[in-house]
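**Student:** protein-v6.cif is the file, holding mmCIF, C-alpha atoms:
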```cif
data_input
#
loop_
_atom_site.group_PDB
_atom_site.id
_atom_site.type_symbol
_atom_site.label_atom_id
_atom_site.label_comp_id
_atom_site.auth_asym_id
_atom_site.auth_seq_id
_atom_site.Cartn_x
_atom_site.Cartn_y
_atom_site.Cartn_z
ATOM 1 C CA MET X 1 19.745 -14.406 23.299
ATOM 2 C CA SER X 2 16.118 -13.287 23.129
ATOM 3 C CA TYR X 3 13.265 -15.596 22.176
ATOM 4 C CA ILE X 4 12.930 -13.840 18.812
ATOM 5 C CA ASP X 5 16.655 -14.237 18.115
ATOM 6 C CA SER X 6 16.221 -17.974 18.673
ATOM 7 C CA LEU X 7 13.673 -18.026 15.813
ATOM 8 C CA LEU X 8 15.912 -16.339 13.243
ATOM 9 C CA ASN X 9 16.349 -18.328 10.018
ATOM 10 C CA ARG X 10 13.611 -20.740 11.090
ATOM 11 C CA GLN X 11 10.114 -21.271 9.704
ATOM 12 C CA VAL X 12 7.584 -19.426 11.858
ATOM 13 C CA PHE X 13 3.901 -18.576 12.043
ATOM 14 C CA VAL X 14 2.961 -14.892 12.459
ATOM 15 C CA LEU X 15 -0.536 -13.652 13.336
ATOM 16 C CA LEU X 16 -1.405 -10.000 12.718
ATOM 17 C CA SER X 17 -4.348 -7.764 13.614
ATOM 18 C CA GLY X 18 -7.444 -8.743 11.655
ATOM 19 C CA ASP X 19 -6.541 -12.455 11.755
ATOM 20 C CA ILE X 20 -3.989 -12.037 8.971
ATOM 21 C CA ALA X 21 -1.612 -15.001 9.083
ATOM 22 C CA PHE X 22 1.792 -15.614 7.515
ATOM 23 C CA GLU X 23 4.199 -18.512 7.446
ATOM 24 C CA GLY X 24 7.768 -18.012 6.395
ATOM 25 C CA ILE X 25 11.434 -17.850 7.285
ATOM 26 C CA LEU X 26 12.141 -15.176 9.883
ATOM 27 C CA THR X 27 15.193 -13.541 8.313
ATOM 28 C CA ASP X 28 15.559 -10.483 10.545
ATOM 29 C CA ALA X 29 14.000 -8.684 13.493
ATOM 30 C CA GLY X 30 14.400 -5.328 15.206
ATOM 31 C CA GLN X 31 12.716 -3.497 18.043
ATOM 32 C CA ASP X 32 9.826 -2.335 15.843
ATOM 33 C CA ILE X 33 9.855 -4.600 12.773
ATOM 34 C CA LEU X 34 10.337 -8.183 11.657
ATOM 35 C CA VAL X 35 11.213 -9.551 8.211
ATOM 36 C CA LEU X 36 9.585 -12.696 6.857
ATOM 37 C CA TYR X 37 10.335 -14.583 3.634
ATOM 38 C CA ASN X 38 7.445 -16.766 2.405
ATOM 39 C CA GLY X 39 9.361 -18.548 -0.344
ATOM 40 C CA GLN X 40 8.619 -15.918 -2.980
ATOM 41 C CA LYS X 41 8.695 -12.470 -1.375
ATOM 42 C CA TYR X 42 9.913 -10.633 1.681
ATOM 43 C CA TYR X 43 7.349 -9.105 4.039
ATOM 44 C CA TYR X 44 8.335 -6.256 6.352
ATOM 45 C CA ILE X 45 5.915 -6.240 9.282
ATOM 46 C CA PRO X 46 5.790 -3.621 12.071
ATOM 47 C CA TRP X 47 5.712 -5.237 15.510
ATOM 48 C CA ILE X 48 2.796 -3.018 16.552
ATOM 49 C CA HIS X 49 0.444 -5.164 14.431
ATOM 50 C CA VAL X 50 1.865 -8.552 15.472
ATOM 51 C CA HIS X 51 -0.291 -10.554 17.888
ATOM 52 C CA ARG X 52 1.950 -13.595 18.116
ATOM 53 C CA VAL X 53 4.946 -15.359 16.586
ATOM 54 C CA HIS X 54 5.886 -18.976 17.123
ATOM 55 C CA LEU X 55 7.854 -21.776 15.547
ATOM 56 C CA CYS X 56 5.943 -23.871 13.034
ATOM 57 C CA GLN X 57 5.640 -27.260 14.732
ATOM 58 C CA LEU X 58 3.935 -29.100 11.879
ATOM 59 C CA ILE X 59 5.401 -27.960 8.572
ATOM 60 C CA LYS X 60 3.225 -28.977 5.617
ATOM 61 C CA ASP X 61 5.176 -26.994 3.029
ATOM 62 C CA LYS X 62 8.825 -26.429 3.837
ATOM 63 C CA ILE X 63 10.043 -22.989 2.785
ATOM 64 C CA ASP X 64 13.611 -22.829 1.566
ATOM 65 C CA ALA X 65 15.935 -20.132 2.814
ATOM 66 C CA PRO X 66 15.978 -17.058 0.515
ATOM 67 C CA ASN X 67 18.619 -16.891 -2.188
ATOM 68 C CA GLU X 68 18.101 -13.187 -2.811
ATOM 69 C CA PRO X 69 18.956 -10.271 -0.528
ATOM 70 C CA SER X 70 16.492 -8.374 1.624
ATOM 71 C CA ILE X 71 16.384 -4.581 1.450
ATOM 72 C CA ALA X 72 17.270 -4.750 5.156
ATOM 73 C CA ASN X 73 20.602 -6.469 4.512
ATOM 74 C CA GLU X 74 22.483 -3.183 4.276
ATOM 75 C CA ILE X 75 21.008 -1.870 7.541
ATOM 76 C CA GLU X 76 23.249 -2.427 10.552
ATOM 77 C CA LEU X 77 20.456 -1.946 13.114
ATOM 78 C CA ILE X 78 17.158 -2.702 11.404
ATOM 79 C CA SER X 79 14.210 -0.409 12.095
ATOM 80 C CA TYR X 80 10.801 0.281 10.569
ATOM 81 C CA ARG X 81 11.815 3.762 9.414
ATOM 82 C CA LYS X 82 15.108 2.590 7.875
ATOM 83 C CA VAL X 83 13.300 -0.161 5.963
ATOM 84 C CA LEU X 84 10.767 2.331 4.583
ATOM 85 C CA THR X 85 13.590 4.671 3.582
ATOM 86 C CA ASN X 86 15.430 1.835 1.790
ATOM 87 C CA ALA X 87 12.196 0.883 -0.003
ATOM 88 C CA ARG X 88 11.785 4.295 -1.650
ATOM 89 C CA GLY X 89 11.536 3.996 -5.408
ATOM 90 C CA ILE X 90 11.056 0.192 -5.356
ATOM 91 C CA PHE X 91 7.748 -1.053 -6.776
ATOM 92 C CA SER X 92 5.984 -2.526 -3.733
ATOM 93 C CA GLU X 93 2.727 -3.840 -2.341
ATOM 94 C CA ILE X 94 1.460 -2.414 0.938
ATOM 95 C CA TYR X 95 -1.479 -3.440 3.078
ATOM 96 C CA VAL X 96 -3.439 -1.114 5.337
ATOM 97 C CA THR X 97 -7.084 -2.140 5.560
ATOM 98 C CA GLY X 98 -9.752 -4.715 4.712
ATOM 99 C CA ASN X 99 -9.045 -6.783 1.629
ATOM 100 C CA LEU X 100 -7.353 -3.912 -0.191
ATOM 101 C CA THR X 101 -3.663 -3.660 -0.970
ATOM 102 C CA PHE X 102 -1.991 -0.786 -2.798
ATOM 103 C CA HIS X 103 0.727 -1.192 -5.409
ATOM 104 C CA GLY X 104 3.244 1.533 -6.167
ATOM 105 C CA TYR X 105 6.259 3.394 -4.839
ATOM 106 C CA ILE X 106 7.162 5.103 -1.587
ATOM 107 C CA THR X 107 8.347 8.579 -2.516
ATOM 108 C CA SER X 108 8.765 10.171 0.943
ATOM 109 C CA VAL X 109 8.930 9.026 4.563
ATOM 110 C CA LEU X 110 7.678 11.653 7.018
ATOM 111 C CA SER X 111 7.174 11.712 10.792
ATOM 112 C CA ASP X 112 3.904 9.746 10.941
ATOM 113 C CA TYR X 113 3.003 8.937 7.320
ATOM 114 C CA ILE X 114 4.460 8.071 3.942
ATOM 115 C CA VAL X 115 3.759 9.544 0.531
ATOM 116 C CA PHE X 116 3.001 6.669 -1.837
ATOM 117 C CA TYR X 117 2.590 6.875 -5.600
ATOM 118 C CA SER X 118 0.134 4.339 -7.037
ATOM 119 C CA PRO X 119 -0.403 4.139 -10.813
ATOM 120 C CA VAL X 120 -4.090 3.409 -10.009
ATOM 121 C CA PHE X 121 -4.811 5.815 -7.127
ATOM 122 C CA LYS X 122 -2.057 8.348 -7.950
ATOM 123 C CA MET X 123 -0.570 10.239 -5.003
ATOM 124 C CA MET X 124 -1.538 8.794 -1.635
ATOM 125 C CA TYR X 125 -0.817 9.511 2.016
ATOM 126 C CA ILE X 126 -0.555 6.403 4.207
ATOM 127 C CA SER X 127 -0.572 6.577 8.008
ATOM 128 C CA LEU X 128 2.428 4.737 9.476
ATOM 129 C CA SER X 129 0.382 3.547 12.431
ATOM 130 C CA HIS X 130 -1.938 1.619 10.081
ATOM 131 C CA LEU X 131 0.573 0.183 7.585
ATOM 132 C CA LYS X 132 0.460 -3.532 8.449
ATOM 133 C CA TRP X 133 3.066 -4.776 5.999
ATOM 134 C CA LEU X 134 5.238 -3.836 3.022
ATOM 135 C CA SER X 135 6.411 -6.268 0.350
ATOM 136 C CA PRO X 136 8.760 -5.034 -2.417
ATOM 137 C CA TYR X 137 8.563 -6.754 -5.773
ATOM 138 C CA HIS X 138 11.566 -8.270 -7.500
ATOM 139 C CA GLN X 139 13.661 -5.648 -9.247
ATOM 140 C CA ASN X 140 12.945 -7.242 -12.647
ATOM 141 C CA VAL X 141 9.153 -6.892 -12.261
ATOM 142 C CA THR X 142 7.652 -4.359 -14.667
ATOM 143 C CA PRO X 143 4.586 -2.756 -13.047
ATOM 144 C CA TYR X 144 1.375 -3.072 -15.077
ATOM 145 C CA SER X 145 3.387 -4.190 -18.109
ATOM 146 C CA ILE X 146 1.656 -4.791 -21.417
ATOM 147 C CA ASP X 147 3.778 -6.506 -24.080
ATOM 148 C CA ASN X 148 6.839 -5.590 -22.000
ATOM 149 C CA ALA X 149 6.028 -1.893 -22.226
ATOM 150 C CA ASN X 150 6.298 0.043 -18.963
ATOM 151 C CA PHE X 151 3.145 1.508 -17.525
ATOM 152 C CA PRO X 152 3.691 5.281 -17.271
ATOM 153 C CA ILE X 153 4.641 6.381 -13.748
ATOM 154 C CA ASN X 154 4.112 10.095 -13.193
ATOM 155 C CA PRO X 155 4.397 11.106 -9.543
ATOM 156 C CA SER X 156 3.641 14.736 -8.818
ATOM 157 C CA ASN X 157 6.182 17.213 -7.544
ATOM 158 C CA ILE X 158 4.458 17.875 -4.218
ATOM 159 C CA SER X 159 6.514 19.027 -1.264
ATOM 160 C CA PRO X 160 5.001 17.123 1.670
ATOM 161 C CA VAL X 161 4.978 18.591 5.146
ATOM 162 C CA ARG X 162 6.137 16.684 8.204
ATOM 163 C CA SER X 163 2.903 15.530 9.852
ATOM 164 C CA PHE X 164 -0.133 13.690 8.503
ATOM 165 C CA GLU X 165 -2.544 16.267 9.933
ATOM 166 C CA SER X 166 -0.606 19.217 8.490
ATOM 167 C CA GLN X 167 -0.534 17.563 5.074
ATOM 168 C CA LEU X 168 -4.306 17.053 5.127
ATOM 169 C CA LYS X 169 -4.731 20.689 6.150
ATOM 170 C CA LYS X 170 -3.107 21.590 2.819
ATOM 171 C CA GLU X 171 -5.833 19.588 1.057
ATOM 172 C CA GLU X 172 -8.786 21.482 2.589
ATOM 173 C CA GLY X 173 -11.367 22.401 -0.045
ATOM 174 C CA LYS X 174 -10.541 19.361 -2.203
ATOM 175 C CA LEU X 175 -12.308 16.056 -2.843
ATOM 176 C CA VAL X 176 -10.655 13.259 -0.895
ATOM 177 C CA VAL X 177 -11.052 9.492 -0.612
ATOM 178 C CA PHE X 178 -10.221 7.844 2.704
ATOM 179 C CA ASP X 179 -9.318 4.172 3.179
ATOM 180 C CA GLY X 180 -9.632 3.144 -0.453
ATOM 181 C CA GLY X 181 -13.176 4.434 -0.969
ATOM 182 C CA ASN X 182 -15.110 1.361 0.202
ATOM 183 C CA ASP X 183 -17.207 3.444 2.603
ATOM 184 C CA PRO X 184 -19.290 6.241 0.956
ATOM 185 C CA MET X 185 -19.129 8.179 4.234
ATOM 186 C CA LYS X 186 -15.366 8.466 3.730
ATOM 187 C CA ILE X 187 -15.541 10.104 0.290
ATOM 188 C CA GLY X 188 -16.247 13.800 -0.041
ATOM 189 C CA LEU X 189 -15.139 17.394 0.222
ATOM 190 C CA LEU X 190 -12.578 17.991 2.951
ATOM 191 C CA ASN X 191 -13.972 21.080 4.660
ATOM 192 C CA SER X 192 -11.496 21.320 7.512
ATOM 193 C CA ILE X 193 -9.300 19.470 9.960
ATOM 194 C CA GLU X 194 -8.766 20.771 13.472
ATOM 195 C CA ASN X 195 -7.432 19.001 16.562
ATOM 196 C CA SER X 196 -7.372 15.675 14.698
ATOM 197 C CA VAL X 197 -11.076 15.902 13.740
ATOM 198 C CA ILE X 198 -11.943 15.927 10.033
ATOM 199 C CA GLU X 199 -15.084 17.649 8.719
ATOM 200 C CA LEU X 200 -16.203 16.030 5.472
ATOM 201 C CA SER X 201 -19.167 16.800 3.172
ATOM 202 C CA VAL X 202 -20.263 13.558 1.496
ATOM 203 C CA ALA X 203 -22.203 13.015 -1.750
ATOM 204 C CA ASN X 204 -25.692 13.475 -0.262
ATOM 205 C CA GLY X 205 -24.711 16.798 1.299
ATOM 206 C CA GLU X 206 -24.463 15.421 4.818
ATOM 207 C CA VAL X 207 -21.555 16.620 6.956
ATOM 208 C CA VAL X 208 -19.689 13.896 8.835
ATOM 209 C CA TYR X 209 -16.845 14.085 11.333
ATOM 210 C CA LEU X 210 -14.012 11.584 11.348
ATOM 211 C CA ARG X 211 -11.183 11.026 13.807
ATOM 212 C CA LEU X 212 -7.795 11.307 12.112
ATOM 213 C CA ASN X 213 -6.278 8.473 14.139
ATOM 214 C CA HIS X 214 -8.690 6.034 12.433
ATOM 215 C CA ILE X 215 -7.795 7.190 8.895
ATOM 216 C CA LYS X 216 -5.498 4.722 7.190
ATOM 217 C CA SER X 217 -5.024 6.126 3.680
ATOM 218 C CA VAL X 218 -5.902 9.243 1.701
ATOM 219 C CA HIS X 219 -5.914 9.946 -1.992
ATOM 220 C CA LEU X 220 -7.282 12.762 -4.123
ATOM 221 C CA PRO X 221 -9.359 11.662 -7.152
#
```
Starting from the coordinates I provided, produce the structure as structure tokens.
**Tutor:**
Amino acid sequence: MSYIDSLLNRQVFVLLSGDIAFEGILTDAGQDILVLYNGQKYYYIPWIHVHRVHLCQLIKDKIDAPNEPSIANEIELISYRKVLTNARGIFSEIYVTGNLTFHGYITSVLSDYIVFYSPVFKMMYISLSHLKWLSPYHQNVTPYSIDNANFPINPSNISPVRSFESQLKKEEGKLVVFDGGNDPMKIGLLNSIENSVIELSVANGEVVYLRLNHIKSVHLP
């Protein structure tokens, strides 16, 4: 039995990149993902962003074992990609950068990115290497409900291509917003992308160059 297997169904502490910390019941683990239940929701966390995991020695608030199934329950050998595939069409929260989380639906899982529909940001492309965690909402949650009326969800009928870079190449000549739009130097006209280098014209007319491997999310306003 591995060390991680010995922690299954026990309350653990998990530290992620950026000093993001979780406590919860470790309900499942695979070679590239772990599943944590914090008493209210499941969190699906890629191992690549995990700095450490250990048993909670001093438990201030005991978390009861989940009484609802995980989306990983039907997966014989759990993996990051299989979890993302099972999450398609389920209203979810995902975290990629800073203090910003996105709420919406995974519509496609490609080789190195997902297509994500957000009612706020509309169609988005999220790099798999920067997705730190995914947390599906309960099935009975109505997204952005007002007086129990469903918020309109209108994903486009795009046909995504396999790689993140190739998909961005299709968006050349359009206005794009990278990483949620917090940095004005990451909002502008996508002039070109070649060899994983993005040429972007920002609002003041300046041309900036960005490395694709540092881009976490993309949406078109």
**Student:** Restricting the calculation to only C-alpha atoms: of X:Gly24, X:Gly173, X:Gly30, X:Pro119, which residue gets closest to X:Lys60?
**Tutor:**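 Smallest separation from X:Lys60 among the options: X:Gly24.
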**Student:** Would you compute the distance between atom CA of X:Ser79 and atom CA of X:Gln57? Give it in Å to one decimal.
**Tutor:**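 For atom CA of X:Ser79 relative to atom CA of X:Gln57, the distance reads 28.3 Å.
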**Student:** I'd like to know which of X:Ser129, X:Ser163, X:Ser17, X:Gln31 is closest to X:His49, using all atoms listed in the file.
**Tutor:**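 The shortest atom-to-atom distance to X:His49 comes from X:Ser17.
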**Student:** For atom CA of X:Tyr125 and atom CA of X:Val53, quote the distance in Å rounded to one decimal.
**Tutor:** 29.4 Å
**Student:** As an exercise, work out the distance from atom CA of X:Leu16 to atom CA of X:Lys122 in Å and give it to one decimal place.
**Tutor:** 27.6 Å
**Student:** Name all residues at most 8 Å from X:Ser118 (count all atoms listed in the file; drop same-chain ones fewer than 5 positions away) and give them as a list of chain:residue names.
**Tutor:**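 After dropping sequence-adjacent residues, the list is X:Phe102, X:His103, X:Gly104, X:Tyr105, X:Met123, X:Met124.
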**Student:** For this structure, which residues satisfy the selection - the PyMOL selection byres ((chain X and resi 192) around 9) - when it is evaluated on the file as given? I want them as an mmCIF file with C-alpha atoms, keeping the file's coordinate frame.
**Tutor:**
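Here's the written file result.cif:
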```cif
data_model
loop_
_atom_site.group_PDB
_atom_site.id
_atom_site.type_symbol
_atom_site.label_atom_id
_atom_site.label_comp_id
_atom_site.auth_asym_id
_atom_site.auth_seq_id
_atom_site.Cartn_x
_atom_site.Cartn_y
_atom_site.Cartn_z
ATOM 1 C CA LEU X 168 -4.306 17.053 5.127
ATOM 2 C CA LYS X 169 -4.731 20.689 6.150
ATOM 3 C CA GLU X 171 -5.833 19.588 1.057
ATOM 4 C CA GLU X 172 -8.786 21.482 2.589
ATOM 5 C CA GLY X 173 -11.367 22.401 -0.045
ATOM 6 C CA LEU X 190 -12.578 17.991 2.951
ATOM 7 C CA ASN X 191 -13.972 21.080 4.660
ATOM 8 C CA ILE X 193 -9.300 19.470 9.960
ATOM 9 C CA GLU X 194 -8.766 20.771 13.472
ATOM 10 C CA VAL X 197 -11.076 15.902 13.740
ATOM 11 C CA ILE X 198 -11.943 15.927 10.033
ATOM 12 C CA GLU X 199 -15.084 17.649 8.719
ATOM 13 C CA LEU X 200 -16.203 16.030 5.472
#
```
**Student:** Would you mind telling me which residue in X:Lys132, X:Ala29, X:Ile75, X:Gln11 lies nearest to X:Val50 when using all atoms listed in the file?
**Tutor:**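 Of X:Lys132, X:Ala29, X:Ile75, X:Gln11, the one nearest X:Val50, counting all atoms listed in the file, is X:Lys132.
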**Student:** Which residues are close to stretch 85-101 of chain X, i.e. within 6 Å by only C-alpha atoms, leaving aside same-chain residues fewer than 5 positions away? Reply as an NGL selection string.
**Tutor:** :X and (106-107 or 130-137)
**Student:** Name the residues that the PyMOL selection byres ((chain X and resi 203) around 8) picks from the file above, as a ChimeraX atom specification, using the file's chain letters and numbers.
**Tutor:** /X:184,187-188,201-202,204-206
**Student:** Applying the PyMOL selection byres ((chain X and resi 45) around 6) to the file I just gave you, which residues come out? Please list them as a ChimeraX atom specification.
**Tutor:** /X:33-34,44,46,133
**Student:** Return the single residue from X:Ile59, X:Gln40, X:Ser166, X:Asp32 that is closest to X:Val12, with distances computed using only C-alpha atoms.
**Tutor:** X:Ile59
**Student:** Please check which residues have atoms at most 8 Å from (-7.1, 14.8, 16.4) in the file's coordinates, counting all atoms listed in the file, and write them as a VMD selection string.
**Tutor:** chain X and resid 194 to 197 211 to 213
**Student:** Leaving out X:Gly180 and any residue of its chain fewer than 2 positions from it, which residues lie within 9 Å of it when counting only C-alpha atoms, given as a ChimeraX atom specification?
**Tutor:** /X:97,100,102,121,177-178,182-183,186,216-219
**Student:** Go ahead and write the residues just picked, C-alpha atoms, as a PDB file, in the coordinates of the input.
**Tutor:**
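Output (out21.pdb):
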```pdb
ATOM      1  CA  THR X  97      -7.084  -2.140   5.560  1.00  0.00           C
ATOM      2  CA  LEU X 100      -7.353  -3.912  -0.191  1.00  0.00           C
ATOM      3  CA  PHE X 102      -1.991  -0.786  -2.798  1.00  0.00           C
ATOM      4  CA  PHE X 121      -4.811   5.815  -7.127  1.00  0.00           C
ATOM      5  CA  VAL X 177     -11.052   9.492  -0.612  1.00  0.00           C
ATOM      6  CA  PHE X 178     -10.221   7.844   2.704  1.00  0.00           C
ATOM      7  CA  ASN X 182     -15.110   1.361   0.202  1.00  0.00           C
ATOM      8  CA  ASP X 183     -17.207   3.444   2.603  1.00  0.00           C
ATOM      9  CA  LYS X 186     -15.366   8.466   3.730  1.00  0.00           C
ATOM     10  CA  LYS X 216      -5.498   4.722   7.190  1.00  0.00           C
ATOM     11  CA  SER X 217      -5.024   6.126   3.680  1.00  0.00           C
ATOM     12  CA  VAL X 218      -5.902   9.243   1.701  1.00  0.00           C
ATOM     13  CA  HIS X 219      -5.914   9.946  -1.992  1.00  0.00           C
TER      14      HIS X 219
END
```
**Student:** Would you kindly return, as a ChimeraX atom specification, each protein, DNA or RNA residue with an atom no farther than 7 Å from any atom of X:Leu128, considering all atoms listed in the file and excluding same-chain residues fewer than 3 positions away?
**Tutor:** /X:112-114,131
**Student:** Once you have the residues from the selection above, write them out as a compact mmCIF listing (two decimals), in the coordinates of the input, restricted to C-alpha atoms.
**Tutor:**
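What landed in selection-v6.txt:
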```txt
# COMPACT_ATOMS: atom_id res chain seq x y z
CA ASP X 112 3.90 9.75 10.94
CA TYR X 113 3.00 8.94 7.32
CA ILE X 114 4.46 8.07 3.94
CA LEU X 131 0.57 0.18 7.58
```
**Student:** Which is closest to X:Ile126 among X:Ile71, X:Ile215, X:Ile78, X:Ala65, if we use only C-alpha atoms?
**Tutor:**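 Among X:Ile71, X:Ile215, X:Ile78, X:Ala65, it is X:Ile215 that comes nearest to X:Ile126.
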**Student:** Out of X:Tyr37, X:Tyr43, X:Phe13, X:Tyr80, which residue has the shortest atom-to-atom distance to X:Leu55 when counting only C-alpha atoms?
**Tutor:**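 Among the listed residues, the smallest separation from X:Leu55 belongs to X:Phe13.
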